[in-house]
Number of protein chains: 2
Amino acid sequence: MTYELYYWPMLQGRGEFVRLALEDAGAPYIDVARGGPGDEGDPPALAALLHDPSLGRPPFALPALRDGDLVVAQTAAILLYLGPRLGLVGPSEADRIWTHQIQLTIADMRAEAHDTHHPVAAALTYEEQKPESARRAVDFRTERIPKFFGWFERVLVRNDGRHLAGRVVSYADLSLFQLVAGLLYAFPKTTEAALKKHPCLEALHRAVPERPRLSGYLTSPRRIPFNEQGIFRRYPELDA
Amino acid sequence: MTYELYYWPMLQGRGEFVRLALEDAGAPYIDVARGGPGDEGDPPALAALLHDPSLGRPPFALPALRDGDLVVAQTAAILLYLGPRLGLVGPSEADRIWTHQIQLTIADMRAEAHDTHHPVAAALTYEEQKPESARRAVDFRTERIPKFFGWFERVLVRNDGRHLAGRVVSYADLSLFQLVAGLLYAFPKTTEAALKKHPCLEALHRAVPERPRLSGYLTSPRRIPFNEQGIFRRYPELDA
């Protein structure tokens with residue numbers, strides 16, 4: 001079975017959390033809007049999916065994953081679905097609900113990171129909400145990063161120091177790597193300083209990209225560079 | 001088995017989405033900080049849970065549900081866990097992932113509703129971020145309510161017109177009732193006008209509180225009134 005990932009082709013965004021899981025597992029998938037070697041991709045397929053009147057269970061937004069007849073949207077729900085299939089979650093119900101709980105907290109921090117440059121409206125540009133962004137970024141840097149990083153560190157320490165859940169790498173570990181990578185891009189000064197205080201989190205962030213398949217992916221053209229269209233944007237004035 | 005719900009006693013908040021599921025199912029539970037008849041409740045238990053060093057899998061925030069040895073946090077994860085146990089989700093994996101996907105979208109709108117009065121920082125008061133709130137509320141009223149309501153209506157229409165998923169009431173239906181109730185409290189003018197354009201959503205919002213157990217709950221002292229400490233706050237200037 002080849003999975004089909006529907007996501008915007010010009011940015012990492014929420015889709016990247018799904019890509020990392022698929023890539024780490026070596027799962028067969030098509031990045032629908034981007035294609036692959038010898039295939040140009042099909043960007044119009046994204047809008048076609050979102051507006052397909054024949055879908056009984058339509059996505060609210062992308063990413064969406066198609067697996068045969070099933071279409072799943074909402075990043076955390078996609079990972080909930082893929083986790084057992086890709087071997088990226090523990091076997092018990094307690095493991096799965098815990099891993100998902102961590103993923104939802106990663107999603108909360110990801111949304112807050114986005115809102116540092118879009119605190120008023122996603123439909124406006126950053127330039128149209130700079131004063132509000134400046135205020136929100138101060139709170140994010142001084143209150144939210146310490147609170148979230150403190151919890152991630154606590155979770156790692158209370159487990160084995162190396163994984164968030166159990167003794168194996170889960171999709172939440174991959175997502176936490178991506179979250180920290182994005183924060184290092186957007187808020188390099190703040191994030192580097194914060195990581196120094198959270199050694200297990202820093203170690204996880206260093207270890208995940210050394211996994212063989214992920215290492216190959218992250219150095220390939222399939223990994224879209226961070227840019228100022230995505231969740232994590234480098235506006236130096238917000239990292240003052 | 002008696003469930004234990006850990007949530008702040010003075011507001012509906014995120015905990016209310018869990019309460020509605022427990023109440024609708026007639027499940028035995030203790031609202032730990034509030035107690036019940038002849039029981040004063042134990043508010044200090046909330047901080048004790050959040051800071052319990054013996055918990056291997058600590059909550060990031062409340063609500064949290066304790067079921068025997070298992071502690072689950074994150075509202076949507078709690079409902080994912082409770083859904084099959086309370087008979088509030090369809091039997092197939094496809095039903096469960098779809099219901100959860102809807103719940104996550106309800107959670108997204110709930111977070112955006114909160115941020116209309118706290119667009120800068122949750123740690124500041126509304127009075128400390130009124131200009132930013134005014135701008136964000138305009139976007140929420142004119143762009144976000146129509147977009148979310150349009151999707152909920154589409155989901156209802158493509159199903160049976162009365163339920164979000166399948167032919168039975170799911171926890172997502174209960175949560176959507178709560179979301180609309182909160183929006184009617186916070187943005188009465190905008191929400192009433194929007195409901196007129198979304199008849200299936202309006203019908204669901206009217207039907208859910210007529211369910212016998214929920215009706216009993218909603219008219220009991222256990223239902224905390226909406227107030228200006230919760231997610232949904234009535235600041236008339238934001239509903240202009």
# chains A, B, ... in the order shown; residues from 1 in each chain; ligands from 1
>>> interface_residues(of="chain B", to="chain A", cutoff="8 Å", atoms="only C-alpha atoms", output="MDAnalysis selection string")
chainID B and resid 56:58 60 70 72:74 77 81 94 97:98 100:101 104:105 119:121 132:133 135:136 139:140 151 155 158:159
>>> closest_atom_pairs(of="range 58-149 of chain B", to="range 190-207 of chain B", cutoff="8 Å", atoms="only C-alpha atoms", output="CSV")
residue,atom,partner,partner_atom,distance
B:Arg141,CA,B:Thr190,CA,6.6
B:Ile145,CA,B:Ala194,CA,7.7
B:Pro146,CA,B:Ala194,CA,7.1
B:Phe149,CA,B:His198,CA,7.1
>>> atom_distance(atom1="CA of Phe226 in chain A", atom2="CA of Pro43 in chain A")
19.8 Å
>>> atom_distance(atom1="CA of Ile224 in chain A", atom2="CA of Tyr7 in chain A")
12.3 Å
>>> select_by_dssp(residues="range 13-228 of chain B", states="helix (DSSP H, G or I)", output="PyMOL selection string")
chain B and resi 15-25+44-50+75-86+93-115+126-158+171-186+188-196+199-210+212-218
>>> residues_around(residues="Gly68 in chain A", least_positions_apart="5", cutoff="10 Å", atoms="only C-alpha atoms", output="PyMOL selection string")
chain A and resi 1-4
>>> closest_residue(among="B:Arg19, B:Asp24, B:Leu174, B:Leu238", to="Pro212 in chain B", atoms="only C-alpha atoms")
B:Asp24
>>> select_by_dssp(residues="range 38-115 of chain A", states="strand (DSSP E or B)", output="list in words")
Asp39, Ala64, Leu65, Arg66, Asp67, Leu70, Val71, Val72 and Ala73 of chain A
>>> residues_around(residues="Phe232 in chain B", least_positions_apart="4", cutoff="7 Å", atoms="only C-alpha atoms", output="number ranges by chain")
B: 113-114, 182-183, 185-186
>>> residues_around(residues="Gln229 in chain B", least_positions_apart="3", cutoff="9 Å", atoms="only C-alpha atoms", output="short mmCIF file (atom, residue, chain, number, x, y, z; two decimals) with C-alpha atoms, in the first residue's frame")
data_model
loop_
_atom_site.label_atom_id
_atom_site.label_comp_id
_atom_site.auth_asym_id
_atom_site.auth_seq_id
_atom_site.Cartn_x
_atom_site.Cartn_y
_atom_site.Cartn_z
CA MET B 10 -14.43 27.80 38.96
CA LEU B 11 -14.88 27.60 35.20
CA GLN B 12 -16.13 25.30 32.44
CA GLY B 13 -12.98 25.52 30.36
CA PHE B 226 -20.19 30.71 31.63
CA PHE B 232 -15.64 31.93 26.22
CA ARG B 233 -15.98 35.43 27.68
#
>>> residues_around(residues="Pro236 in chain A", least_positions_apart="2", cutoff="9 Å", atoms="only C-alpha atoms", output="PDB file with C-alpha atoms, in the first residue's frame")
ATOM      1  CA  ALA A 186      13.087  30.956  14.192  1.00  0.00           C
ATOM      2  CA  PHE A 187      14.539  31.869  17.592  1.00  0.00           C
ATOM      3  CA  PRO A 188      18.183  30.764  17.461  1.00  0.00           C
ATOM      4  CA  ARG A 234      13.303  33.858  11.141  1.00  0.00           C
ATOM      5  CA  LEU A 238      11.335  38.585  17.390  1.00  0.00           C
ATOM      6  CA  ASP A 239      14.391  36.844  18.910  1.00  0.00           C
ATOM      7  CA  ALA A 240      15.842  39.983  20.448  1.00  0.00           C
TER       8      ALA A 240
END
>>> residues_around(residues="Gly35 in chain B", least_positions_apart="4", cutoff="12 Å", atoms="only C-alpha atoms", output="VMD selection string")
chain B and resid 4 to 9 29 to 31 39 to 43 45 222
>>> write_last_selection(atoms="C-alpha atoms", output="JSON list (two decimals), in the first residue's frame")
[["chain", "number", "residue", "atom", "x", "y", "z"],
["B", 4, "GLU", "CA", -11.50, 10.98, 38.50],
["B", 5, "LEU", "CA", -11.58, 14.29, 36.62],
["B", 6, "TYR", "CA", -8.96, 16.86, 37.58],
["B", 7, "TYR", "CA", -9.90, 20.35, 36.47],
["B", 8, "TRP", "CA", -10.21, 23.89, 37.82],
["B", 9, "PRO", "CA", -13.40, 24.24, 39.86],
["B", 29, "TYR", "CA", -16.94, 10.01, 38.10],
["B", 30, "ILE", "CA", -15.59, 12.33, 40.75],
["B", 31, "ASP", "CA", -14.95, 15.96, 39.86],
["B", 39, "ASP", "CA", -18.25, 16.20, 49.74],
["B", 40, "GLU", "CA", -16.44, 19.51, 49.56],
["B", 41, "GLY", "CA", -13.92, 18.55, 46.95],
["B", 42, "ASP", "CA", -10.18, 18.77, 47.08],
["B", 43, "PRO", "CA", -8.79, 21.70, 45.05],
["B", 45, "ALA", "CA", -5.30, 17.79, 44.53],
["B", 222, "ARG", "CA", -22.97, 20.88, 38.51]]
>>> atom_distance(atom1="CA of Glu210 in chain B", atom2="CA of Arg34 in chain B")
25.1 Å
